[in-house]
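**Q** Encoded as structure tokens, here's the structure I'll be asking about.
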Amino acid sequence: MADAVVVGAGPNGLVAANLLADAGWDVVVLEEQPRPGGAVRSDRGVHPDYTNDLFSSFYPLAAASPVLRAMELHDHGLAWSHAPAVLAHPLSDGRCAVLERDVAATAAGLEEFAAGDGDAWRELYGLWEQVGGDLLGCLFAPFPPVRSGLRLLARTRVAGALGLARTMLLPARRLGEECFAGEGGRLLLAGNALHADLSPESAIGGGFGWLMSMLAQSRGFPVPVGGAGALTAALVRRLESRGGRVRCGERVTEVVVRQGRALGVRTAGGTAVRARRAVLADVSAPTLFTRLVAAEHLPARLLRDLDRGFQWDFSTFKVDWALDGTVPWTAQRASGAGTVHLADSVDELTRFAAQIATRHVPDRPFLLLGQMTTADPSRSPAGTESAWAYTHVPQRIAHDAGGDGITGAWDRREQEAMADRMEAQVERYAPGFRHRIRSRRILSPVTLQSLDANLHGGAINGGTTALHQQFVFRPTPGTGRPETPVTGLYLASASAHPGGGVHGIPGANAARAALRGPVGRALGTTVRRILTPSGHPEETPRSCRAFRP
Ligand SMILES: Cc1cc2nc3c(=O)[nH]c(=O)nc-3n(C[C@H](O)[C@H](O)[C@H](O)COP(=O)(O)OP(=O)(O)OC[C@H]3O[C@@H](n4cnc5c(N)ncnc54)[C@H](O)[C@@H]3O)c2cc1C
């Protein structure tokens, strides 16, 4: 019998397993797919000469993560690579905002959009240098982040803390307008906010866009040499060197609970895998609480909150390409960037997000595009490009603003139509792009979910990043901690605080809670009490969640 069973070998599951193994626990990871990694995998499925990442590609959050840094993954084969420039946002008129590796170079480029915008960028970066470390400490700690919170307060004093809090809460459009006179700086913030499902008008979009921009400025957007899978391979190697095991092709169908305590899991093949001390679930919150744990073991309030209140993030549609040349950008300066954002203005980003909110498939999709050979020359032969782009579509589609009648069935016709629409968007900024396509692979929302069950309907972040599902509201109103109402069961995925992205923090928080043992159990009991004051599942009449106390 293992000490711990980890369900799911995504980055969070693997981080959790590594930390438990470091503490001397015997750990087994059960993974549904034939290969580990979750949304951190790469292959040669587009073209035999090209390595393409299937899902995630750029890892500033991993570079900033104290947990991943402490794992010294370079000793297990991981090496990072950087593109000459971090991120570019070209416009159809040939102008281009570029987030360079060097802050002075970024500032100089923004100055071309409007006088004074270079200084505004430096000022934003100065703020980051002052508070960025403590801010990340707050985000990456389990809730409440007492130590880093106090450090931040000591550094900024009350007035500074209030100003910072306001900045973090601002929508990206508002922060951009307060800081920049020109479109370049505004687009860098708003485009980065849309790495999560935060439109230019969403609260905390400014804070998130600023944080991502400053991570980009301070650490770049690194990629693993050889493909995203190299990060997973390093995590697996490290785990195995400490005696941990990953068993692929094992779908967990049940967390076995007796008298309020998790005893282990059962797999689709009918095998029972016992866990002496803990079960850690790197699965989405809805899967854990509505599919894997029987309702009788959970408070009714939690199930109701999930049913009516849990919000998935946008759905995602991705295309991978093997290009026989580099992307022929009109704005030359986009050529050196690893990540490229495509939308012609902040207004266009708003229009895109509004179309998704009103359940329309966008006619002019905002694209996040990766130039992977530019970032890591090992990805494809010299002079070619391994590239991808993804965009977002509604989880439930009512209309297609693009006129192709896309319904969300995602049959072959709909997939081809959407991929063509994305290529047309690239052509706006890089005429001739289509002629460079040697082969392409389409990953529709349905395909994404079939390759990783956590990517529900193409959601990439385990639930919305919006303020109403962050901190103590993640995944449902509660404590924002990994403990669950079942003793010895921990939520270890991106559905837990602090959410999506490859940083491993939800996995680390869950592992630490499990290692705390009795204290963790006491916290679990507290969680249970908070969720069910009577200690029993209670029933209340159906009502709009927003009005329920
Ligand atoms: C297209 C795309 C692009 C992205 N780009 C970036 C990026 O550039 N940078 C970044 O930082 N983040 C990015 N992300 C987000 C990031 O990849 C995720 O937030 C992160 O992978 C979440 O890690 P996780 O371990 O919580 O879940 P996952 O990575 O989804 O892993 C969960 C694992 O659990 C397994 N599993 C699920 N259910 C079961 C079950 N019942 N039994 C057994 N196994 C199960 C799954 O098969 C999967 O392997 C992207 C995501 C996508 C989809």
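We name chains A, B, ... following the order of the structure tokens; residues begin at 1 in each chain, and ligands are numbered from 1 as shown.
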Mind checking which residues fall within 8 Å of Ile397 (chain A), counting only C-alpha atoms, ignoring those fewer than 5 positions away in the same chain, and posting them as a list in words?

**A** Arg359, His360, Val361, Thr407 and Gly408 of chain A

**Q** Return as a ChimeraX atom specification every polymer residue, whether protein, DNA or RNA, with at least one atom no more than 6 Å from an atom of ligand 1; count only C-alpha atoms and all ligand atoms.

**A** /A:7-13,30-33,36-40,55-59,61,250-253,282-283,452-454,460-461,493-494,500-502

**Q** Take the selection from the previous step and output its residues with C-alpha atoms, as a CSV table (one decimal), in the first residue's frame.

**A**
```
chain,number,residue,atom,x,y,z
A,7,VAL,CA,-4.8,11.2,-9.3
A,8,GLY,CA,-3.4,12.8,-12.5
A,9,ALA,CA,0.1,13.4,-13.8
A,10,GLY,CA,-0.3,17.0,-14.8
A,11,PRO,CA,2.3,19.5,-13.5
A,12,ASN,CA,0.4,19.9,-10.3
A,13,GLY,CA,0.1,16.2,-9.7
A,30,LEU,CA,-2.3,7.3,-11.6
A,31,GLU,CA,-2.8,8.9,-15.0
A,32,GLU,CA,-5.6,8.3,-17.4
A,33,GLN,CA,-3.7,9.2,-20.6
A,36,PRO,CA,2.2,11.8,-18.3
A,37,GLY,CA,2.2,15.6,-18.3
A,38,GLY,CA,-1.4,16.8,-18.6
A,39,ALA,CA,-1.3,20.0,-20.5
A,40,VAL,CA,2.5,20.0,-20.6
A,55,PHE,CA,-1.0,22.6,-25.1
A,56,SER,CA,1.1,25.0,-23.0
A,57,SER,CA,4.4,26.4,-24.3
A,58,PHE,CA,5.8,29.4,-22.4
A,59,TYR,CA,6.6,29.1,-18.7
A,61,LEU,CA,5.1,31.2,-14.0
A,250,GLU,CA,-5.2,4.3,-15.3
A,251,ARG,CA,-8.4,6.3,-15.1
A,252,VAL,CA,-9.6,6.9,-11.6
A,253,THR,CA,-13.3,6.5,-11.3
A,282,ASP,CA,-5.0,16.7,-9.8
A,283,VAL,CA,-8.4,16.8,-11.4
A,452,ASP,CA,-6.8,15.7,-20.9
A,453,ALA,CA,-10.1,15.5,-19.1
A,454,ASN,CA,-9.3,18.6,-17.0
A,460,ILE,CA,-7.4,25.7,-19.9
A,461,ASN,CA,-7.3,27.1,-16.4
A,493,SER,CA,-5.2,20.9,-9.5
A,494,ALA,CA,-5.5,24.3,-11.2
A,500,GLY,CA,-4.2,27.9,-13.8
A,501,GLY,CA,-0.7,28.1,-15.3
A,502,VAL,CA,2.3,25.9,-14.9
```

**Q** Identify, on the basis of only C-alpha atoms, every residue whose closest approach to Leu99 (chain A) does not exceed 12 Å; exclude the query and any residue fewer than 2 positions from it along the same chain; express the result as a tab-separated table (two decimals) with all heavy atoms, in the first residue's frame.

**A**
```tsv
chain	number	residue	atom	x	y	z
A	83	ALA	N	13.47	33.18	-26.66
A	83	ALA	CA	13.49	33.88	-27.94
A	83	ALA	C	14.25	35.20	-27.76
A	83	ALA	O	14.37	35.69	-26.65
A	83	ALA	CB	12.06	34.17	-28.38
A	84	PRO	N	14.74	35.79	-28.87
A	84	PRO	CA	15.44	37.08	-28.73
A	84	PRO	C	14.57	38.15	-28.07
A	84	PRO	O	15.04	38.94	-27.26
A	84	PRO	CB	15.75	37.45	-30.18
A	84	PRO	CG	15.75	36.17	-30.93
A	84	PRO	CD	14.78	35.25	-30.24
A	85	ALA	N	13.27	38.17	-28.39
A	85	ALA	CA	12.35	39.09	-27.71
A	85	ALA	C	11.24	38.26	-27.08
A	85	ALA	O	10.92	37.16	-27.56
A	85	ALA	CB	11.75	40.09	-28.70
A	86	VAL	N	10.64	38.81	-26.02
A	86	VAL	CA	9.67	37.99	-25.27
A	86	VAL	C	8.34	37.92	-26.02
A	86	VAL	O	7.82	36.85	-26.29
A	86	VAL	CB	9.44	38.58	-23.86
A	86	VAL	CG1	8.54	37.65	-23.04
A	86	VAL	CG2	10.76	38.81	-23.15
A	87	LEU	N	7.81	39.08	-26.36
A	87	LEU	CA	6.43	39.13	-26.85
A	87	LEU	C	6.26	40.31	-27.80
A	87	LEU	O	6.83	41.38	-27.56
A	87	LEU	CB	5.55	39.33	-25.62
A	87	LEU	CG	4.04	39.24	-25.70
A	87	LEU	CD1	3.50	38.87	-24.33
A	87	LEU	CD2	3.40	40.53	-26.14
A	88	ALA	N	5.50	40.09	-28.85
A	88	ALA	CA	5.25	41.19	-29.79
A	88	ALA	C	3.75	41.32	-30.02
A	88	ALA	O	3.01	40.33	-30.02
A	88	ALA	CB	5.96	40.93	-31.11
A	89	HIS	N	3.33	42.56	-30.21
A	89	HIS	CA	1.93	42.80	-30.58
A	89	HIS	C	1.92	43.68	-31.84
A	89	HIS	O	1.88	44.90	-31.76
A	89	HIS	CB	1.16	43.48	-29.44
A	89	HIS	CG	-0.32	43.37	-29.63
A	89	HIS	ND1	-1.17	42.89	-28.65
A	89	HIS	CD2	-1.10	43.65	-30.70
A	89	HIS	CE1	-2.40	42.88	-29.13
A	89	HIS	NE2	-2.39	43.35	-30.36
A	90	PRO	N	1.98	43.03	-33.03
A	90	PRO	CA	1.99	43.81	-34.28
A	90	PRO	C	0.59	44.33	-34.61
A	90	PRO	O	-0.41	43.71	-34.25
A	90	PRO	CB	2.44	42.79	-35.32
A	90	PRO	CG	2.05	41.46	-34.77
A	90	PRO	CD	2.06	41.58	-33.27
A	96	CYS	N	4.42	48.00	-34.14
A	96	CYS	CA	4.53	46.77	-33.34
A	96	CYS	C	5.02	47.12	-31.93
A	96	CYS	O	6.07	47.75	-31.78
A	96	CYS	CB	5.52	45.82	-34.02
A	96	CYS	SG	5.63	44.20	-33.27
A	97	ALA	N	4.25	46.73	-30.92
A	97	ALA	CA	4.73	46.86	-29.53
A	97	ALA	C	5.53	45.61	-29.21
A	97	ALA	O	5.04	44.50	-29.44
A	97	ALA	CB	3.55	46.98	-28.58
A	101	ARG	N	13.71	41.70	-23.95
A	101	ARG	CA	14.32	41.16	-22.73
A	101	ARG	C	14.83	42.28	-21.83
A	101	ARG	O	14.90	42.13	-20.61
A	101	ARG	CB	15.50	40.23	-23.06
A	101	ARG	CG	15.18	39.01	-23.90
A	101	ARG	CD	14.30	38.00	-23.17
A	101	ARG	NE	14.77	37.61	-21.84
A	101	ARG	CZ	15.70	36.71	-21.58
A	101	ARG	NH1	16.29	36.08	-22.57
A	101	ARG	NH2	16.04	36.40	-20.33
A	102	ASP	N	15.16	43.41	-22.45
A	102	ASP	CA	15.77	44.52	-21.72
A	102	ASP	C	14.73	45.63	-21.53
A	102	ASP	O	14.08	46.06	-22.50
A	102	ASP	CB	16.96	45.02	-22.56
A	102	ASP	CG	17.53	46.30	-22.00
A	102	ASP	OD1	17.67	46.39	-20.77
A	102	ASP	OD2	17.81	47.21	-22.80
A	103	VAL	N	14.56	46.11	-20.31
A	103	VAL	CA	13.50	47.08	-20.02
A	103	VAL	C	13.70	48.38	-20.80
A	103	VAL	O	12.72	48.99	-21.27
A	103	VAL	CB	13.37	47.31	-18.49
A	103	VAL	CG1	14.60	47.94	-17.89
A	103	VAL	CG2	12.15	48.16	-18.17
A	104	ALA	N	14.95	48.79	-20.97
A	104	ALA	CA	15.20	50.04	-21.70
A	104	ALA	C	14.76	49.89	-23.15
A	104	ALA	O	14.20	50.84	-23.75
A	104	ALA	CB	16.69	50.40	-21.62
A	105	ALA	N	14.99	48.72	-23.73
A	105	ALA	CA	14.59	48.51	-25.13
A	105	ALA	C	13.06	48.49	-25.26
A	105	ALA	O	12.50	49.05	-26.20
A	105	ALA	CB	15.20	47.20	-25.64
A	106	THR	N	12.38	47.86	-24.30
A	106	THR	CA	10.91	47.87	-24.33
A	106	THR	C	10.41	49.31	-24.26
A	106	THR	O	9.53	49.74	-25.03
A	106	THR	CB	10.31	47.08	-23.14
A	106	THR	OG1	10.89	45.79	-23.10
A	106	THR	CG2	8.80	46.96	-23.26
A	107	ALA	N	10.99	50.06	-23.32
A	107	ALA	CA	10.55	51.44	-23.10
A	107	ALA	C	10.79	52.27	-24.37
A	107	ALA	O	9.92	53.06	-24.78
A	107	ALA	CB	11.30	52.04	-21.91
A	108	ALA	N	11.93	52.08	-25.01
A	108	ALA	CA	12.24	52.85	-26.22
A	108	ALA	C	11.20	52.57	-27.31
A	108	ALA	O	10.76	53.47	-28.03
A	108	ALA	CB	13.65	52.51	-26.71
A	109	GLY	N	10.80	51.32	-27.43
A	109	GLY	CA	9.80	50.96	-28.44
A	109	GLY	C	8.45	51.59	-28.14
A	109	GLY	O	7.75	52.06	-29.04
A	110	LEU	N	8.06	51.61	-26.88
A	110	LEU	CA	6.75	52.17	-26.52
A	110	LEU	C	6.73	53.69	-26.70
A	110	LEU	O	5.69	54.28	-26.98
A	110	LEU	CB	6.38	51.80	-25.08
A	110	LEU	CG	6.14	50.30	-24.85
A	110	LEU	CD1	5.75	50.03	-23.40
A	110	LEU	CD2	5.04	49.78	-25.79
A	118	GLY	N	7.42	55.40	-22.67
A	118	GLY	CA	8.61	54.66	-22.23
A	118	GLY	C	8.81	54.83	-20.73
A	118	GLY	O	9.04	53.86	-20.00
A	121	TRP	N	6.31	52.82	-18.78
A	121	TRP	CA	6.68	51.39	-18.66
A	121	TRP	C	7.74	51.21	-17.58
A	121	TRP	O	7.64	50.31	-16.75
A	121	TRP	CB	7.20	50.88	-20.01
A	121	TRP	CG	7.47	49.40	-19.97
A	121	TRP	CD1	8.66	48.79	-19.77
A	121	TRP	CD2	6.51	48.34	-20.13
A	121	TRP	NE1	8.52	47.42	-19.78
A	121	TRP	CE2	7.21	47.12	-20.01
A	121	TRP	CE3	5.13	48.33	-20.34
A	121	TRP	CZ2	6.57	45.89	-20.10
A	121	TRP	CZ3	4.49	47.09	-20.44
A	121	TRP	CH2	5.21	45.90	-20.32
A	125	TYR	N	7.56	49.00	-14.19
A	125	TYR	CA	8.60	48.01	-13.87
A	125	TYR	C	9.24	48.32	-12.51
A	125	TYR	O	9.57	47.42	-11.73
A	125	TYR	CB	9.66	47.98	-14.98
A	125	TYR	CG	10.63	46.84	-14.81
A	125	TYR	CD1	10.18	45.53	-14.88
A	125	TYR	CD2	11.98	47.07	-14.55
A	125	TYR	CE1	11.06	44.46	-14.70
A	125	TYR	CE2	12.86	46.01	-14.38
A	125	TYR	CZ	12.39	44.72	-14.45
A	125	TYR	OH	13.26	43.67	-14.26
A	184	GLY	N	0.44	51.07	-27.76
A	184	GLY	CA	1.40	49.97	-27.56
A	184	GLY	C	1.39	49.41	-26.14
A	184	GLY	O	1.19	48.20	-25.94
A	185	GLY	N	1.58	50.28	-25.15
A	185	GLY	CA	1.60	49.81	-23.75
A	185	GLY	C	0.25	49.26	-23.34
A	185	GLY	O	0.17	48.26	-22.62
A	187	LEU	N	-1.88	47.74	-25.20
A	187	LEU	CA	-2.06	46.41	-25.79
A	187	LEU	C	-1.24	45.35	-25.06
A	187	LEU	O	-1.70	44.21	-24.92
A	187	LEU	CB	-1.69	46.44	-27.28
A	187	LEU	CG	-2.79	46.96	-28.19
A	187	LEU	CD1	-2.25	47.24	-29.58
A	187	LEU	CD2	-3.95	45.96	-28.26
A	188	LEU	N	-0.05	45.73	-24.60
A	188	LEU	CA	0.75	44.73	-23.88
A	188	LEU	C	0.01	44.29	-22.62
A	188	LEU	O	-0.07	43.09	-22.29
A	188	LEU	CB	2.13	45.29	-23.52
A	188	LEU	CG	3.09	45.51	-24.71
A	188	LEU	CD1	4.45	46.01	-24.21
A	188	LEU	CD2	3.28	44.24	-25.54
A	189	LEU	N	-0.57	45.25	-21.90
A	189	LEU	CA	-1.30	44.90	-20.67
A	189	LEU	C	-2.56	44.09	-20.99
A	189	LEU	O	-2.82	43.05	-20.39
A	189	LEU	CB	-1.70	46.17	-19.90
A	189	LEU	CG	-0.56	47.00	-19.31
A	189	LEU	CD1	-1.11	48.27	-18.64
A	189	LEU	CD2	0.24	46.19	-18.28
A	191	GLY	N	-3.45	42.44	-23.74
A	191	GLY	CA	-3.17	41.13	-24.36
A	191	GLY	C	-2.73	40.12	-23.32
A	191	GLY	O	-3.16	38.97	-23.32
A	192	ASN	N	-1.89	40.56	-22.38
A	192	ASN	CA	-1.44	39.64	-21.33
A	192	ASN	C	-2.57	39.25	-20.39
A	192	ASN	O	-2.59	38.13	-19.87
A	192	ASN	CB	-0.27	40.25	-20.55
A	192	ASN	CG	1.06	39.91	-21.19
A	192	ASN	OD1	1.29	38.78	-21.58
A	192	ASN	ND2	1.94	40.90	-21.33
A	212	MET	N	1.72	39.58	-15.51
A	212	MET	CA	2.28	38.78	-16.61
A	212	MET	C	3.32	39.59	-17.40
A	212	MET	O	4.36	39.07	-17.81
A	212	MET	CB	1.18	38.30	-17.56
A	212	MET	CG	0.29	37.21	-17.01
A	212	MET	SD	1.18	35.70	-16.59
A	212	MET	CE	1.60	35.09	-18.21
A	213	SER	N	3.01	40.88	-17.61
A	213	SER	CA	3.95	41.73	-18.36
A	213	SER	C	5.27	41.89	-17.60
A	213	SER	O	6.35	41.88	-18.20
A	213	SER	CB	3.35	43.12	-18.59
A	213	SER	OG	2.16	43.03	-19.32
A	214	MET	N	5.16	42.04	-16.29
A	214	MET	CA	6.38	42.24	-15.51
A	214	MET	C	7.17	40.94	-15.35
A	214	MET	O	8.40	40.95	-15.33
A	214	MET	CB	6.02	42.84	-14.14
A	214	MET	CG	5.41	44.22	-14.25
A	214	MET	SD	6.51	45.39	-15.14
A	214	MET	CE	5.52	45.87	-16.54
A	215	LEU	N	6.45	39.82	-15.27
A	215	LEU	CA	7.17	38.53	-15.30
A	215	LEU	C	7.92	38.41	-16.61
A	215	LEU	O	9.08	37.98	-16.67
A	215	LEU	CB	6.18	37.37	-15.17
A	215	LEU	CG	5.74	36.98	-13.77
A	215	LEU	CD1	4.71	35.86	-13.84
A	215	LEU	CD2	6.93	36.55	-12.92
A	216	ALA	N	7.22	38.82	-17.69
A	216	ALA	CA	7.85	38.76	-19.02
A	216	ALA	C	9.08	39.65	-19.05
A	216	ALA	O	10.13	39.27	-19.60
A	216	ALA	CB	6.84	39.22	-20.08
A	217	GLN	N	8.96	40.84	-18.46
A	217	GLN	CA	10.09	41.78	-18.48
A	217	GLN	C	11.25	41.30	-17.61
A	217	GLN	O	12.42	41.47	-17.95
A	217	GLN	CB	9.61	43.16	-18.01
A	217	GLN	CG	10.62	44.27	-18.19
A	217	GLN	CD	10.96	44.49	-19.66
A	217	GLN	OE1	10.26	45.18	-20.35
A	217	GLN	NE2	12.05	43.90	-20.13
A	218	SER	N	10.92	40.70	-16.47
A	218	SER	CA	11.99	40.33	-15.54
A	218	SER	C	12.57	38.94	-15.83
A	218	SER	O	13.75	38.70	-15.60
A	218	SER	CB	11.49	40.39	-14.09
A	218	SER	OG	10.34	39.58	-13.94
A	219	ARG	N	11.74	38.02	-16.31
A	219	ARG	CA	12.22	36.64	-16.46
A	219	ARG	C	12.10	36.10	-17.88
A	219	ARG	O	12.54	34.99	-18.17
A	219	ARG	CB	11.43	35.70	-15.55
A	219	ARG	CG	11.62	36.02	-14.09
A	219	ARG	CD	10.78	35.12	-13.22
A	219	ARG	NE	10.88	35.51	-11.83
A	219	ARG	CZ	11.84	35.15	-11.02
A	219	ARG	NH1	12.80	34.37	-11.45
A	219	ARG	NH2	11.87	35.56	-9.76
A	220	GLY	N	11.44	36.87	-18.75
A	220	GLY	CA	11.19	36.37	-20.10
A	220	GLY	C	10.09	35.32	-20.07
A	220	GLY	O	9.49	35.04	-19.03
A	221	PHE	N	9.80	34.77	-21.25
A	221	PHE	CA	8.85	33.65	-21.36
A	221	PHE	C	9.68	32.43	-21.79
A	221	PHE	O	9.78	32.10	-22.97
A	221	PHE	CB	7.79	33.94	-22.43
A	221	PHE	CG	6.62	34.78	-21.98
A	221	PHE	CD1	6.58	35.39	-20.74
A	221	PHE	CD2	5.51	34.95	-22.83
A	221	PHE	CE1	5.48	36.16	-20.34
A	221	PHE	CE2	4.41	35.71	-22.44
A	221	PHE	CZ	4.39	36.32	-21.19
A	333	ARG	N	9.50	43.60	-36.63
A	333	ARG	CA	9.95	43.43	-35.24
A	333	ARG	C	9.27	42.27	-34.54
A	333	ARG	O	9.70	41.85	-33.46
A	333	ARG	CB	9.73	44.74	-34.47
A	333	ARG	CG	10.59	45.88	-35.04
A	333	ARG	CD	10.43	47.15	-34.25
A	333	ARG	NE	10.83	46.98	-32.87
A	333	ARG	CZ	10.28	47.63	-31.86
A	333	ARG	NH1	9.31	48.49	-32.07
A	333	ARG	NH2	10.71	47.44	-30.63
A	334	ALA	N	8.20	41.76	-35.15
A	334	ALA	CA	7.53	40.60	-34.54
A	334	ALA	C	8.33	39.31	-34.74
A	334	ALA	O	8.10	38.31	-34.06
A	334	ALA	CB	6.13	40.43	-35.12
A	336	GLY	N	11.32	38.36	-34.01
A	336	GLY	CA	12.20	37.83	-32.96
A	336	GLY	C	11.47	37.41	-31.70
A	336	GLY	O	12.10	36.96	-30.74
A	337	ALA	N	10.14	37.55	-31.68
A	337	ALA	CA	9.41	37.28	-30.43
A	337	ALA	C	8.96	35.83	-30.36
A	337	ALA	O	8.54	35.24	-31.36
A	337	ALA	CB	8.20	38.20	-30.33
A	338	GLY	N	9.01	35.24	-29.17
A	338	GLY	CA	8.49	33.89	-28.99
A	338	GLY	C	6.97	33.89	-29.04
A	338	GLY	O	6.35	33.05	-29.69
A	339	THR	N	6.36	34.85	-28.34
A	339	THR	CA	4.90	34.93	-28.28
A	339	THR	C	4.45	36.15	-29.06
A	339	THR	O	5.05	37.22	-28.94
A	339	THR	CB	4.44	35.09	-26.81
A	339	THR	OG1	4.95	34.01	-26.04
A	339	THR	CG2	2.92	35.09	-26.70
A	340	VAL	N	3.39	35.98	-29.84
A	340	VAL	CA	2.85	37.11	-30.60
A	340	VAL	C	1.34	37.19	-30.34
A	340	VAL	O	0.65	36.17	-30.36
A	340	VAL	CB	3.10	36.94	-32.13
A	340	VAL	CG1	2.61	38.16	-32.89
A	340	VAL	CG2	4.58	36.70	-32.40
A	341	HIS	N	0.85	38.39	-30.03
A	341	HIS	CA	-0.59	38.62	-29.84
A	341	HIS	C	-1.14	39.28	-31.10
A	341	HIS	O	-0.56	40.24	-31.59
A	341	HIS	CB	-0.84	39.57	-28.66
A	341	HIS	CG	-0.46	39.01	-27.33
A	341	HIS	ND1	-0.33	39.78	-26.20
A	341	HIS	CD2	-0.19	37.73	-26.95
A	341	HIS	CE1	-0.01	39.01	-25.17
A	341	HIS	NE2	0.09	37.77	-25.60
```

**Q** Given only C-alpha atoms as the basis, pick out the residue of A:Val486, A:Ala203, A:Ala357, A:Ala193 nearest to Leu288 (chain A).

**A**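 Answer, going by the shortest atom-to-atom distance: A:Val486.
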
**Q** Kindly indicate which residue among A:Pro66, A:Gly244, A:Gly160, A:Pro362 lies nearest to Asp3 (chain A), using only C-alpha atoms for the distances.

**A** A:Gly244

**Q** Between A:Asp420, A:Ala353, A:His74, A:Leu306, which is the closest to Gly478 (chain A) once you count only C-alpha atoms?

**A**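 Distance minimum relative to Gly478 (chain A) lands on A:Leu306.
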
**Q** Residues of region 26-77 of chain A that approach region 324-328 of chain A to 12 Å or less, counting only C-alpha atoms: could you list each one with the shortest pair of atoms and its distance in Å to one decimal, rows by chain and increasing residue number, as JSON lines?

**A**
```
{"residue": "A:His47", "atom": "CA", "partner": "A:Asp324", "partner_atom": "CA", "distance": 10.9}
{"residue": "A:Asp49", "atom": "CA", "partner": "A:Asp324", "partner_atom": "CA", "distance": 10.7}
{"residue": "A:Tyr50", "atom": "CA", "partner": "A:Asp324", "partner_atom": "CA", "distance": 10.3}
```

**Q** Mind writing the picked residues with all heavy atoms as a PDB file, in the first residue's frame?

**A**
```
ATOM      1  N   HIS A  47       4.414  16.991 -37.944  1.00  0.00           N
ATOM      2  CA  HIS A  47       5.369  16.650 -39.010  1.00  0.00           C
ATOM      3  C   HIS A  47       6.565  15.992 -38.321  1.00  0.00           C
ATOM      4  O   HIS A  47       6.991  16.456 -37.255  1.00  0.00           O
ATOM      5  CB  HIS A  47       5.800  17.924 -39.756  1.00  0.00           C
ATOM      6  CG  HIS A  47       6.636  17.668 -40.963  1.00  0.00           C
ATOM      7  ND1 HIS A  47       7.967  17.289 -40.886  1.00  0.00           N
ATOM      8  CD2 HIS A  47       6.330  17.727 -42.276  1.00  0.00           C
ATOM      9  CE1 HIS A  47       8.441  17.134 -42.104  1.00  0.00           C
ATOM     10  NE2 HIS A  47       7.471  17.378 -42.969  1.00  0.00           N
ATOM     11  N   ASP A  49       9.633  16.119 -38.660  1.00  0.00           N
ATOM     12  CA  ASP A  49      10.831  16.938 -38.417  1.00  0.00           C
ATOM     13  C   ASP A  49      10.583  18.063 -37.414  1.00  0.00           C
ATOM     14  O   ASP A  49      11.482  18.852 -37.136  1.00  0.00           O
ATOM     15  CB  ASP A  49      11.309  17.578 -39.729  1.00  0.00           C
ATOM     16  CG  ASP A  49      11.761  16.531 -40.730  1.00  0.00           C
ATOM     17  OD1 ASP A  49      12.094  15.413 -40.287  1.00  0.00           O
ATOM     18  OD2 ASP A  49      11.748  16.815 -41.946  1.00  0.00           O
ATOM     19  N   TYR A  50       9.363  18.175 -36.934  1.00  0.00           N
ATOM     20  CA  TYR A  50       9.005  19.307 -36.069  1.00  0.00           C
ATOM     21  C   TYR A  50       8.512  18.804 -34.717  1.00  0.00           C
ATOM     22  O   TYR A  50       7.682  17.892 -34.657  1.00  0.00           O
ATOM     23  CB  TYR A  50       7.867  20.138 -36.684  1.00  0.00           C
ATOM     24  CG  TYR A  50       8.224  20.864 -37.958  1.00  0.00           C
ATOM     25  CD1 TYR A  50       8.530  20.152 -39.127  1.00  0.00           C
ATOM     26  CD2 TYR A  50       8.226  22.249 -38.008  1.00  0.00           C
ATOM     27  CE1 TYR A  50       8.849  20.820 -40.303  1.00  0.00           C
ATOM     28  CE2 TYR A  50       8.533  22.922 -39.179  1.00  0.00           C
ATOM     29  CZ  TYR A  50       8.854  22.212 -40.322  1.00  0.00           C
ATOM     30  OH  TYR A  50       9.165  22.867 -41.487  1.00  0.00           O
TER      31      TYR A  50
END
```

**Q** Can you list, as a PyMOL selection string, all residues belonging to region 153-354 of chain A that DSSP tags as alpha helix (DSSP H)?

**A** chain A and resi 153-169+172-179+183-193+205-219+229-241+285-287+300-304+346-354

**Q** Which polymer residues have any atom within 8 Å of an atom of Leu170 (chain A), counting only C-alpha atoms, with same-chain residues fewer than 2 positions away left out, as a list in words?

**A**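 My list of contacting residues is Arg166, Thr167, Met168, Ala172, Arg174, Leu175, Ser202, Ala203, Ile204, Gly205, Gly206 and Gly207 of chain A.
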
**Q** Tell me which of A:Ala398, A:Met422, A:Leu54, A:Ala513 sits closest to Thr358 (chain A), counting only C-alpha atoms.

**A**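 Looking only at the distances to Thr358 (chain A), the closest residue turns out to be A:Ala398.
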
**Q** Just asking: which residues within region 55-251 of chain A are strand (DSSP E or B) according to DSSP, as a ChimeraX atom specification?

**A** /A:80-81,85-90,96-100,223-224,245-248

**Q** Tell me, as a PyMOL selection string, which residues lie within 10 Å of Asp26 (chain A), counting only C-alpha atoms; anything in the same chain fewer than 4 positions away does not count.

**A** chain A and resi 1-5+17+20-22+242-245+275-277

**Q** Would you work out the distance separating CA of Leu73 (chain A) from CA of Arg237 (chain A), expressed in Å to one decimal?

**A** 9.1 Å

**Q** Pick from A:Pro286, A:Gly309, A:Gly249, A:Pro394: nearest to Leu491 (chain A), with only C-alpha atoms counted?

**A**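 Selected residue with least distance to Leu491 (chain A): A:Pro286.
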
**Q** Which residues, written as a list in words, have at least one atom at most 9 Å from Thr476 (chain A), with only C-alpha atoms counted and residues fewer than 5 positions away on the same chain left out?

**A** Ala285, Leu302, Asp305, Leu306, Gly309, Phe310, Gln469 and Gln470 of chain A

**Q** From the options A:Phe143, A:Leu342, A:Val158, A:Phe180, which residue's atoms come nearest to Glu123 (chain A), counting only C-alpha atoms?

**A**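 Ranking A:Phe143, A:Leu342, A:Val158, A:Phe180 by distance to Glu123 (chain A), first place goes to A:Phe180.
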